[in-house]
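Enquirer: Got a structure here, written out as structure tokens. Questions coming.
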Amino acid sequence: MIRKAGHSIDFIFPVMLFFIFSLCAVTAILLAANVYSETASGASLNASSRTAVSYITEKIHQSDENGNTSTGRFNGIDAIIIDQDDCRTYIYEYQGTLYELYEKKEAHALPGSGNKIMDVKEFTIEESYDRLITVTCEDENGIKTKASVALRSR
């Protein structure tokens, strides 16, 4: 039996093709991972202050009946005050943290005893004469979010 001598290109070409395919696949995976990482970190940066403001506006909408929602002071701190039967809810910022405190009207809790919502750099509440509450929140990353809620009840 006579054996034909093969060229070295018959072996080298498929191996080179395999390495080029592998290199392209690894490059595509690394690029996709980088894009995902940047997108996920950007989304989490944006979500912080938006989440807090959305939470507060939803609480105002839920309790906006019979004039139960207003702005005021809680232990010398600006707060959103929600009255319900014999209880009261305060939403306020104290020492760089946004809190929600639910207590009986006769109780006198300390500002740090509320439930922590999130850490913030700045939190302001303004109520205009036409019962429009404007909430501004700046998270730890410096992203500011502002929302205004019109109180419908009197």
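Just remember, in the structure tokens the first chain shown is A, the second B, etc., residues are 1-based per chain, and ligands are 1-based in the order shown.
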Neighbouring residues of stretch 132-142 of chain A were defined as those with any atom within 10 Å, considering only C-alpha atoms; residues of the same chain fewer than 4 positions away were excluded. Please report them as JSON, numbers by chain.

Expert: {"A": [45, 46, 47, 48, 49, 50, 51, 52, 53, 54, 56, 57, 60, 69, 70, 71, 80, 93, 96, 97, 98, 118, 119, 120, 121, 122, 123, 124, 125, 126, 127, 128, 146, 147, 148, 149, 150, 151, 152]}

Enquirer: Quick one: residues within 10 Å of A:Glu106, only C-alpha atoms counted, chain neighbours fewer than 4 positions away excluded, as a PyMOL selection string?

Expert: chain A and resi 86-88

Enquirer: What would the file look like if the residues just selected were written as a compact mmCIF listing (two decimals), in the first residue's frame with all heavy atoms?

Expert:
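Result file is out07.txt:
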# COMPACT_ATOMS: atom_id res chain seq x y z
N ASP A 86 -55.42 56.74 65.72
CA ASP A 86 -54.67 57.16 66.90
C ASP A 86 -53.15 57.03 66.70
O ASP A 86 -52.39 57.09 67.66
CB ASP A 86 -55.11 56.35 68.12
CG ASP A 86 -54.85 54.86 67.98
OD1 ASP A 86 -54.72 54.40 66.83
OD2 ASP A 86 -54.76 54.17 69.01
N CYS A 87 -52.71 56.84 65.47
CA CYS A 87 -51.27 56.71 65.18
C CYS A 87 -50.83 57.77 64.19
O CYS A 87 -51.65 58.40 63.52
CB CYS A 87 -50.97 55.33 64.62
SG CYS A 87 -51.27 54.01 65.80
N ARG A 88 -49.54 57.94 64.11
CA ARG A 88 -48.96 58.94 63.21
C ARG A 88 -47.69 58.36 62.60
O ARG A 88 -46.93 57.69 63.27
CB ARG A 88 -48.65 60.20 64.00
CG ARG A 88 -48.19 61.35 63.18
CD ARG A 88 -48.09 62.61 64.01
NE ARG A 88 -49.42 63.15 64.17
CZ ARG A 88 -49.79 63.97 65.16
NH1 ARG A 88 -48.92 64.33 66.06
NH2 ARG A 88 -51.02 64.43 65.22

Enquirer: Given the choices A:Asp130, A:Glu103, A:Asp83, A:Glu38, which gets closest to A:Ser63 if the distance is worked out from only C-alpha atoms?

Expert: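 Nearest to A:Ser63: A:Asp83.
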
Enquirer: Please return, as a ChimeraX atom specification, all residues of stretch 19-129 of chain A that DSSP assigns to alpha helix (DSSP H) on the basis of the backbone.

Expert: /A:19-63

Enquirer: If you run DSSP on the backbone here, which positions in stretch 59-151 of chain A get strand (DSSP E or B)? Please write them as a ChimeraX atom specification.

Expert: /A:69-74,77-84,87-94,97-104,115-127,132-139,144-150

Enquirer: Closest to A:Ala109 among A:Cys24, A:Phe19, A:Tyr90, A:Ser37, using only C-alpha atoms?

Expert: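 Of A:Cys24, A:Phe19, A:Tyr90, A:Ser37, the one nearest A:Ala109, counting only C-alpha atoms, is A:Tyr90.
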
Enquirer: Please compute the atom CA of A:Ala79-atom CA of A:Glu100 distance, one decimal, in Å.

Expert: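 Straight-line distance from atom CA of A:Ala79 to atom CA of A:Glu100 works out to 9.5 Å.
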
Enquirer: Can you tell me which residues surround A:Gln84 at a distance of at most 12 Å, considering only C-alpha atoms, apart from same-chain residues fewer than 5 positions away, and format the answer as a list of chain:residue names?

Expert: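 My list of contacting residues is A:Gln62, A:Ser63, A:Asp64, A:Glu65, A:Asn66, A:Gly67, A:Asn68, A:Thr69, A:Thr89, A:Tyr90, A:Tyr102, A:Glu103, A:Lys104, A:Lys105.
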
Enquirer: Which residue, A:Ile117, A:Leu30, A:Ile12, A:Ile82, has the smallest gap to A:Tyr99 when you use only C-alpha atoms?

Expert: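 Looking only at the distances to A:Tyr99, the closest residue turns out to be A:Ile117.
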